[in-house]
$ cat entry.txt   # compact mmCIF, C-alpha atoms and all ligand atoms
# COMPACT_ATOMS: atom_id res chain seq x y z
CA MET A 1 12.76 -16.76 -4.34
CA PRO A 2 14.20 -14.59 -1.53
CA GLN A 3 11.63 -12.03 -0.44
CA LEU A 4 12.28 -8.42 0.56
CA TYR A 5 9.81 -8.90 3.40
CA ASP A 6 11.80 -11.81 4.83
CA ARG A 7 14.54 -9.24 5.43
CA ILE A 8 12.55 -6.13 6.43
CA GLY A 9 9.22 -7.56 7.62
CA ALA A 10 10.14 -8.58 11.17
CA GLY A 11 8.79 -5.47 12.94
CA TYR A 12 5.97 -4.95 10.47
CA LYS A 13 3.04 -5.67 12.74
CA ALA A 14 4.01 -3.09 15.37
CA HIS A 15 3.85 -0.17 12.92
CA ARG A 16 1.52 -1.42 10.20
CA ARG A 17 -1.75 -1.88 12.05
CA PRO A 18 -4.95 -1.71 9.99
CA ASP A 19 -6.46 1.77 10.07
CA PRO A 20 -10.22 1.58 10.72
CA ARG A 21 -11.09 4.34 8.21
CA ILE A 22 -9.11 2.68 5.46
CA GLY A 23 -10.63 -0.65 6.52
CA ALA A 24 -14.15 0.79 6.13
CA ALA A 25 -13.34 2.07 2.63
CA ILE A 26 -11.97 -1.36 1.63
CA LEU A 27 -15.03 -3.17 3.03
CA HIS A 28 -17.28 -0.78 1.13
CA ALA A 29 -15.32 -1.44 -2.08
CA LEU A 30 -15.64 -5.22 -1.58
CA GLY A 31 -19.41 -4.74 -1.43
CA PRO A 32 -21.48 -7.90 -1.12
CA ALA A 33 -18.67 -10.24 -2.27
CA GLY A 34 -19.26 -13.48 -0.37
CA SER A 35 -15.70 -14.84 -0.48
CA VAL A 36 -12.38 -13.03 -0.77
CA VAL A 37 -8.80 -13.94 -1.64
CA ASN A 38 -6.37 -11.44 -0.09
CA VAL A 39 -3.22 -11.46 -2.20
CA GLY A 40 0.03 -10.11 -0.73
CA ALA A 41 -1.79 -10.42 2.55
CA GLY A 42 1.15 -9.85 4.88
CA ALA A 43 0.12 -10.04 8.52
CA GLY A 44 -3.57 -9.92 7.60
CA SER A 45 -4.48 -6.23 7.75
CA TYR A 46 -7.84 -5.38 6.21
CA GLU A 47 -9.03 -8.95 5.83
CA PRO A 48 -12.80 -9.03 6.32
CA THR A 49 -13.87 -11.16 9.28
CA ASP A 50 -17.53 -11.46 8.26
CA ARG A 51 -17.05 -13.82 5.26
CA PRO A 52 -14.74 -16.60 4.07
CA VAL A 53 -11.24 -15.32 3.25
CA VAL A 54 -8.12 -17.09 1.97
CA ALA A 55 -4.83 -15.22 2.25
CA VAL A 56 -1.92 -15.51 -0.19
CA GLU A 57 1.53 -14.44 0.96
CA PRO A 58 5.01 -15.52 -0.21
CA SER A 59 7.08 -14.42 2.82
CA PRO A 60 7.36 -16.78 5.82
CA THR A 61 8.36 -13.77 7.98
CA MET A 62 5.04 -12.14 7.19
CA ILE A 63 3.04 -15.35 7.49
CA ARG A 64 4.42 -15.85 11.02
CA GLN A 65 2.97 -12.47 12.04
CA ARG A 66 -0.59 -13.41 11.18
CA PRO A 67 -2.62 -13.47 14.39
CA PRO A 68 -3.99 -16.78 15.66
CA GLY A 69 -7.45 -17.37 14.23
CA SER A 70 -6.87 -15.30 11.11
CA ALA A 71 -7.82 -16.57 7.66
CA PRO A 72 -6.01 -19.62 6.26
CA VAL A 73 -2.91 -18.65 4.30
CA VAL A 74 -1.35 -20.17 1.19
CA GLN A 75 2.34 -19.47 0.58
CA ALA A 76 2.41 -18.39 -3.07
CA SER A 77 3.09 -15.49 -5.42
CA ALA A 78 0.44 -13.28 -6.98
CA THR A 79 1.90 -14.18 -10.35
CA ALA A 80 0.82 -17.85 -10.06
CA LEU A 81 -2.24 -18.15 -7.85
CA PRO A 82 -2.96 -21.80 -7.03
CA PHE A 83 -6.73 -21.51 -7.50
CA ARG A 84 -9.17 -22.37 -10.28
CA ASP A 85 -10.77 -19.63 -12.41
CA GLY A 86 -13.51 -17.78 -10.53
CA ALA A 87 -12.76 -19.52 -7.21
CA PHE A 88 -13.67 -16.39 -5.18
CA ASP A 89 -16.17 -13.58 -5.48
CA ALA A 90 -13.51 -10.90 -4.94
CA ALA A 91 -9.75 -10.52 -4.95
CA LEU A 92 -8.12 -7.96 -2.67
CA ALA A 93 -4.58 -6.56 -2.96
CA VAL A 94 -3.51 -3.88 -0.46
CA LEU A 95 -0.24 -1.97 -1.02
CA THR A 96 1.39 -5.02 -2.54
CA VAL A 97 1.15 -4.87 -6.36
CA HIS A 98 4.33 -2.73 -6.61
CA HIS A 99 6.31 -5.62 -5.07
CA TRP A 100 5.25 -8.22 -7.65
CA PRO A 101 7.91 -9.33 -10.14
CA ASP A 102 5.39 -9.18 -13.04
CA ARG A 103 2.58 -6.79 -12.13
CA ALA A 104 0.47 -7.31 -15.27
CA ARG A 105 0.58 -11.05 -14.77
CA GLY A 106 -0.37 -10.78 -11.09
CA LEU A 107 -3.24 -8.41 -11.89
CA GLY A 108 -4.40 -10.87 -14.55
CA GLU A 109 -4.32 -13.56 -11.88
CA LEU A 110 -6.56 -11.45 -9.59
CA GLN A 111 -9.07 -11.18 -12.40
CA ARG A 112 -8.83 -14.86 -13.24
CA VAL A 113 -9.67 -16.06 -9.73
CA ALA A 114 -12.31 -13.40 -8.93
CA ARG A 115 -15.84 -13.85 -10.26
CA ASP A 116 -17.13 -10.41 -9.40
CA ARG A 117 -14.44 -7.81 -8.65
CA ALA A 118 -10.84 -7.05 -7.86
CA VAL A 119 -10.12 -4.35 -5.26
CA ILE A 120 -6.62 -2.87 -5.23
CA LEU A 121 -5.18 -0.29 -2.88
CA THR A 122 -2.29 1.43 -4.57
CA TRP A 123 -0.52 4.76 -4.97
CA GLU A 124 -0.84 6.90 -8.06
CA PRO A 125 2.56 8.27 -9.10
CA ASP A 126 2.63 12.07 -9.42
CA ALA A 127 -0.99 12.54 -8.29
CA ALA A 128 0.03 14.65 -5.29
CA ARG A 129 3.14 16.20 -3.77
CA PHE A 130 4.48 15.08 -0.40
CA TRP A 131 6.89 17.23 1.61
CA LEU A 132 8.83 14.23 2.94
CA VAL A 133 9.76 13.15 -0.56
CA ASP A 134 10.14 16.60 -2.16
CA ASP A 135 12.21 18.24 0.59
CA TYR A 136 14.12 15.41 2.25
CA PHE A 137 14.15 12.07 0.39
CA PRO A 138 13.72 12.58 -3.37
CA ALA A 139 15.29 9.13 -3.80
CA LEU A 140 12.00 7.68 -2.51
CA ALA A 141 10.18 9.01 -5.58
CA ALA A 142 12.89 7.77 -7.91
CA LEU A 143 12.50 4.28 -6.43
CA ASP A 144 8.71 4.22 -6.22
CA ARG A 145 7.70 5.84 -9.51
CA PRO A 146 8.84 2.96 -11.74
CA ILE A 147 7.23 0.23 -9.62
CA PHE A 148 3.78 1.78 -9.15
CA ASP A 149 1.48 1.51 -12.16
CA THR A 150 -0.17 4.68 -13.39
CA LEU A 151 -3.96 4.64 -13.62
CA ASP A 152 -3.60 4.37 -17.40
CA ASP A 153 -1.41 1.27 -16.94
CA LEU A 154 -4.05 -0.22 -14.65
CA ARG A 155 -6.84 0.52 -17.13
CA ARG A 156 -4.82 -1.08 -19.91
CA ILE A 157 -4.31 -4.23 -17.84
CA LEU A 158 -7.64 -4.46 -16.00
CA GLY A 159 -10.07 -2.82 -18.41
CA PRO A 160 -12.57 -0.24 -17.07
CA VAL A 161 -11.97 0.53 -13.40
CA GLU A 162 -13.56 2.71 -10.75
CA ILE A 163 -11.01 4.89 -8.96
CA GLN A 164 -11.67 6.17 -5.43
CA PRO A 165 -9.23 8.66 -3.88
CA LEU A 166 -8.25 7.59 -0.36
CA PRO A 167 -7.37 10.66 1.73
CA ILE A 168 -5.07 9.70 4.59
CA PRO A 169 -6.30 10.65 8.08
CA HIS A 170 -3.85 12.74 10.15
CA ASP A 171 -3.68 10.04 12.82
CA CYS A 172 -3.51 7.03 10.48
CA VAL A 173 -2.31 3.99 12.44
CA ASP A 174 -1.08 2.04 9.40
CA GLY A 175 2.47 3.34 9.09
CA PHE A 176 3.00 3.30 5.31
CA LEU A 177 5.07 6.03 3.69
CA GLY A 178 2.46 8.82 3.74
CA ALA A 179 0.82 7.93 7.08
CA HIS A 180 2.72 10.45 9.21
CA TRP A 181 2.21 13.47 6.94
CA ARG A 182 1.06 15.59 9.94
CA ARG A 183 3.51 14.03 12.43
CA PRO A 184 6.89 14.86 10.90
CA HIS A 185 8.93 13.79 13.94
CA ALA A 186 7.76 10.20 13.36
CA TYR A 187 10.06 9.84 10.35
CA LEU A 188 13.09 10.38 12.62
CA ASP A 189 12.29 7.05 14.31
CA PRO A 190 14.21 4.14 12.72
CA ALA A 191 11.43 1.71 13.66
CA VAL A 192 8.88 3.83 11.75
CA ARG A 193 11.16 3.95 8.71
CA GLY A 194 11.83 0.21 9.07
CA ALA A 195 8.16 -0.56 8.40
CA ILE A 196 8.28 1.36 5.08
CA SER A 197 9.81 -0.82 2.37
CA THR A 198 11.13 1.99 0.15
CA PHE A 199 13.25 3.41 3.00
CA SER A 200 15.07 0.08 3.16
CA LYS A 201 16.20 0.58 -0.44
CA ILE A 202 17.82 4.02 0.05
CA GLY A 203 21.52 3.68 0.71
CA ASP A 204 22.19 6.58 3.09
CA VAL A 205 19.23 8.20 4.84
CA GLU A 206 21.41 10.41 7.05
CA PRO A 207 21.58 13.53 4.82
CA GLY A 208 17.77 13.72 4.53
CA LEU A 209 17.29 12.89 8.20
CA SER A 210 19.67 15.57 9.43
CA ARG A 211 17.95 18.19 7.20
CA LEU A 212 14.57 17.15 8.61
CA ARG A 213 15.89 17.16 12.19
CA SER A 214 17.32 20.66 11.80
CA ASP A 215 14.23 22.03 9.94
CA LEU A 216 12.01 20.76 12.76
CA ALA A 217 14.28 22.26 15.41
CA ASP A 218 14.64 25.75 13.87
CA GLY A 219 11.03 26.19 12.68
CA THR A 220 11.73 25.83 8.94
CA TRP A 221 9.38 22.82 8.62
CA LEU A 222 6.64 24.69 10.47
CA ARG A 223 7.04 27.77 8.28
CA ARG A 224 6.85 25.71 5.07
CA HIS A 225 4.27 23.11 6.02
CA GLY A 226 2.52 24.43 9.14
CA HIS A 227 -0.72 24.86 7.13
CA LEU A 228 -0.99 21.05 7.13
CA LEU A 229 -1.55 21.04 10.89
CA GLU A 230 -5.06 22.39 10.22
CA ARG A 231 -5.97 19.49 7.92
CA ASP A 232 -7.70 16.32 9.16
CA ALA A 233 -6.95 14.26 6.05
CA LEU A 234 -4.78 14.70 2.98
CA ASP A 235 -4.79 13.27 -0.54
CA LEU A 236 -1.29 11.88 -1.05
CA GLY A 237 -2.13 9.84 -4.15
CA TYR A 238 -3.41 6.67 -2.47
CA ARG A 239 -6.22 5.15 -4.53
CA LEU A 240 -8.72 2.31 -4.30
CA VAL A 241 -9.04 0.75 -7.73
CA ILE A 242 -12.08 -1.43 -8.31
CA ALA A 243 -12.31 -3.61 -11.40
CA GLN A 244 -15.85 -4.98 -11.53
CA HIS A 245 -16.90 -7.98 -13.59
CA PRO A 246 -13.32 -8.89 -14.46
CA LEU A 247 -12.73 -9.49 -18.13
CA PRO A 248 -13.26 -12.99 -19.58
CA PRO A 249 -9.98 -14.84 -20.29
CA GLY A 250 -9.83 -14.00 -24.00
CA GLU A 251 -9.96 -10.25 -23.31
CA ARG A 252 -7.27 -10.11 -20.62
CA ALA A 253 -3.87 -8.47 -21.08
CA GLY A 254 -1.00 -10.91 -21.79
C1 LIG B 301 3.41 -3.47 2.21
S1 LIG B 301 3.11 -5.18 2.49
C2 LIG B 301 1.33 -5.17 2.53
C3 LIG B 301 0.78 -6.31 3.33
C4 LIG B 301 -0.72 -6.23 3.59
N1 LIG B 301 -1.47 -6.31 2.34
C5 LIG B 301 -1.04 -4.99 4.37
O1 LIG B 301 -1.76 -4.13 3.85
O2 LIG B 301 -0.57 -4.87 5.50
C6 LIG B 301 3.47 -5.92 0.93
C7 LIG B 301 3.29 -7.42 0.92
O3 LIG B 301 3.40 -7.91 -0.41
C8 LIG B 301 4.03 -9.17 -0.32
N2 LIG B 301 4.58 -9.60 -1.63
C9 LIG B 301 5.82 -9.37 -2.14
N3 LIG B 301 5.96 -10.01 -3.32
C10 LIG B 301 4.79 -10.64 -3.58
C11 LIG B 301 4.31 -11.49 -4.64
N4 LIG B 301 5.08 -11.80 -5.69
N5 LIG B 301 3.07 -11.97 -4.56
C12 LIG B 301 2.26 -11.67 -3.50
N6 LIG B 301 2.67 -10.88 -2.47
C13 LIG B 301 3.90 -10.38 -2.50
C14 LIG B 301 5.12 -8.95 0.73
O4 LIG B 301 5.69 -10.17 1.20
C15 LIG B 301 4.34 -8.16 1.75
O5 LIG B 301 3.70 -8.99 2.69

$ encode --input "entry.txt" --output "structure tokens"
Amino acid sequence: MPQLYDRIGAGYKAHRRPDPRIGAAILHALGPAGSVVNVGAGAGSYEPTDRPVVAVEPSPTMIRQRPPGSAPVVQASATALPFRDGAFDAALAVLTVHHWPDRARGLGELQRVARDRAVILTWEPDAARFWLVDDYFPALAALDRPIFDTLDDLRRILGPVEIQPLPIPHDCVDGFLGAHWRRPHAYLDPAVRGAISTFSKIGDVEPGLSRLRSDLADGTWLRRHGHLLERDALDLGYRLVIAQHPLPPGERAG
């Protein structure tokens, strides 16, 4: 199956470095889990180095960017994990579930292979406003909303979950869509946009870009959003979802 990340993933590692604060929150969510499968692992961001980890990633372009010495990787899809039931203590999925062709099935697979917990970093649609989307690229929301599960969807699929808001630090080094909320000029850089998958799906970015360029130049952005410059972190809807004691097979969603 051709993968989006085979096309857009080439420069991923330069702009999608693991952010240490997000890394600490993920490690905390994994708790004492002794072994971890990292599904949709990409170049290996946020993989713990203090316990056995197996990575799962379908895209050869992403697999090639894994640093030497990183966890062993299996080329596979989340929707058919090649592991026995309960093979790992924990399953981890960071900003990947929205790419899966059958999200409920992939989430079921996380629960099947994890004995203790599944930890998912995702984005909650409509939880928070973001100036980039509202003022300049509303097409981003139209593309993202249908592919990100709501928390109710996740509860329906995973059963009871713990939800932890993940405020994004103003100097976040992992360049996902919301990372540059306090550095608006960053979005003018094609390499920054190239590391954000949803941008690759918008046909023509030029109208939004030229509005942003001109609002930054004439002070309009500062007038509207200057209050953000005083914030150290912002809730943009990113969430850590922790499903503990995954459901036994008979109680899982289809
Ligand atoms: C935004 S990247 C996140 C990568 C990594 N988890 C990180 O945080 O840097 C999304 C990843 O999901 C992977 N992906 C896409 N479809 C997938 C599938 N069906 N199963 C597992 N991973 C998939 C992509 O190839 C890509 O590496």

$ atom_distance --input "entry.txt" --atom1 "atom CA of A:Ala43" --atom2 "atom CA of A:Arg193"
17.8 Å

$ residues_around --input "entry.txt" --residues "stretch 47-50 of chain A" --least-positions-apart "2" --cutoff "12 Å" --atoms "all atoms listed in the file" --output "number ranges by chain"
A: 17-20, 22-45, 52-56, 66-67, 69-73, 90-94

$ closest_atom_pairs --input "entry.txt" --of "chain A" --to "ligand LIG 301 (chain B)" --cutoff "9 Å" --atoms "only C-alpha atoms and all ligand atoms" --output "Markdown table"
| residue | atom | partner | partner_atom | distance |
| --- | --- | --- | --- | --- |
| A:Gln3 | CA | B:LIG301 | O4 | 6.4 |
| A:Leu4 | CA | B:LIG301 | O4 | 6.8 |
| A:Tyr5 | CA | B:LIG301 | O4 | 4.8 |
| A:Asp6 | CA | B:LIG301 | O4 | 7.3 |
| A:Gly9 | CA | B:LIG301 | O5 | 7.5 |
| A:Tyr12 | CA | B:LIG301 | O2 | 8.2 |
| A:Lys13 | CA | B:LIG301 | O2 | 8.1 |
| A:Arg16 | CA | B:LIG301 | O2 | 6.2 |
| A:Arg17 | CA | B:LIG301 | O2 | 7.3 |
| A:Pro18 | CA | B:LIG301 | O2 | 7.0 |
| A:Asn38 | CA | B:LIG301 | N1 | 7.5 |
| A:Val39 | CA | B:LIG301 | C12 | 5.6 |
| A:Gly40 | CA | B:LIG301 | N6 | 3.3 |
| A:Ala41 | CA | B:LIG301 | N1 | 4.1 |
| A:Gly42 | CA | B:LIG301 | O5 | 3.5 |
| A:Ala43 | CA | B:LIG301 | O2 | 6.0 |
| A:Gly44 | CA | B:LIG301 | C4 | 6.1 |
| A:Ser45 | CA | B:LIG301 | O2 | 4.7 |
| A:Tyr46 | CA | B:LIG301 | O1 | 6.6 |
| A:Glu47 | CA | B:LIG301 | N1 | 8.7 |
| A:Val56 | CA | B:LIG301 | C12 | 6.6 |
| A:Glu57 | CA | B:LIG301 | N6 | 5.1 |
| A:Pro58 | CA | B:LIG301 | O4 | 5.6 |
| A:Ser59 | CA | B:LIG301 | O4 | 4.8 |
| A:Pro60 | CA | B:LIG301 | O4 | 8.2 |
| A:Thr61 | CA | B:LIG301 | O4 | 8.1 |
| A:Met62 | CA | B:LIG301 | O5 | 5.7 |
| A:Ile63 | CA | B:LIG301 | O5 | 8.0 |
| A:Gln75 | CA | B:LIG301 | C12 | 8.8 |
| A:Ala76 | CA | B:LIG301 | N5 | 6.6 |
| A:Ser77 | CA | B:LIG301 | N5 | 3.6 |
| A:Ala78 | CA | B:LIG301 | N5 | 3.8 |
| A:Thr79 | CA | B:LIG301 | N4 | 6.1 |
| A:Ala80 | CA | B:LIG301 | N5 | 8.4 |
| A:Leu81 | CA | B:LIG301 | N5 | 8.8 |
| A:Leu92 | CA | B:LIG301 | N1 | 8.5 |
| A:Ala93 | CA | B:LIG301 | N1 | 6.2 |
| A:Val94 | CA | B:LIG301 | N1 | 4.2 |
| A:Leu95 | CA | B:LIG301 | C2 | 5.0 |
| A:Thr96 | CA | B:LIG301 | O3 | 4.1 |
| A:Val97 | CA | B:LIG301 | O3 | 7.1 |
| A:His98 | CA | B:LIG301 | O3 | 8.1 |
| A:His99 | CA | B:LIG301 | N3 | 4.7 |
| A:Trp100 | CA | B:LIG301 | N4 | 4.1 |
| A:Pro101 | CA | B:LIG301 | N4 | 5.8 |
| A:Asp102 | CA | B:LIG301 | N4 | 7.8 |
| A:Arg103 | CA | B:LIG301 | N4 | 8.5 |
| A:Gly106 | CA | B:LIG301 | N5 | 7.5 |
| A:Leu121 | CA | B:LIG301 | O1 | 8.5 |
| A:Asp174 | CA | B:LIG301 | O2 | 8.0 |
| A:Phe176 | CA | B:LIG301 | C1 | 7.5 |
| A:Ala195 | CA | B:LIG301 | C1 | 8.3 |
| A:Ile196 | CA | B:LIG301 | C1 | 7.4 |
| A:Ser197 | CA | B:LIG301 | C1 | 6.9 |

$ residues_around --input "entry.txt" --residues "A:Leu240" --least-positions-apart "6" --cutoff "6 Å" --atoms "only C-alpha atoms" --output "PyMOL selection string"
chain A and resi 120-121+163-164

$ write_last_selection --input "entry.txt" --atoms "C-alpha atoms" --output "PDB file, in the coordinates of the input"
ATOM      1  CA  ILE A 120      -6.620  -2.870  -5.230  1.00  0.00           C
ATOM      2  CA  LEU A 121      -5.180  -0.290  -2.880  1.00  0.00           C
ATOM      3  CA  ILE A 163     -11.010   4.890  -8.960  1.00  0.00           C
ATOM      4  CA  GLN A 164     -11.670   6.170  -5.430  1.00  0.00           C
TER       5      GLN A 164
END

$ atom_distance --input "entry.txt" --atom1 "atom CA of A:Gly159" --atom2 "atom CA of A:Arg51"
27.0 Å

$ atom_distance --input "entry.txt" --atom1 "atom CA of A:Ala191" --atom2 "atom CA of A:His225"
23.8 Å

$ closest_residue --input "entry.txt" --among "A:Val119, A:Ser200, A:Glu206, A:Pro169" --to "A:Arg239" --atoms "all atoms listed in the file"
A:Val119

$ closest_residue --input "entry.txt" --among "A:Gly175, A:Asp152, A:Pro146, A:Asp89" --to "A:Gly194" --atoms "all atoms listed in the file"
A:Gly175

$ closest_residue --input "entry.txt" --among "A:Thr198, A:Gln111, A:Thr150, A:Ser210" --to "A:Asp135" --atoms "all atoms listed in the file"
A:Ser210

$ closest_residue --input "entry.txt" --among "A:Gly86, A:Gly219, A:Pro190, A:Pro167" --to "A:Glu109" --atoms "all atoms listed in the file"
A:Gly86

$ residues_around --input "entry.txt" --residues "A:Leu234" --least-positions-apart "6" --cutoff "9 Å" --atoms "only C-alpha atoms" --output "compact mmCIF listing (two decimals) with C-alpha atoms, in the frame of the given file"
# COMPACT_ATOMS: atom_id res chain seq x y z
CA LEU A 166 -8.25 7.59 -0.36
CA PRO A 167 -7.37 10.66 1.73
CA ILE A 168 -5.07 9.70 4.59
CA PRO A 169 -6.30 10.65 8.08
CA HIS A 170 -3.85 12.74 10.15
CA TRP A 181 2.21 13.47 6.94
CA LEU A 228 -0.99 21.05 7.13

$ closest_residue --input "entry.txt" --among "A:Ala14, A:Leu212, A:Ala118, A:Leu158" --to "A:Gln65" --atoms "only C-alpha atoms"
A:Ala14
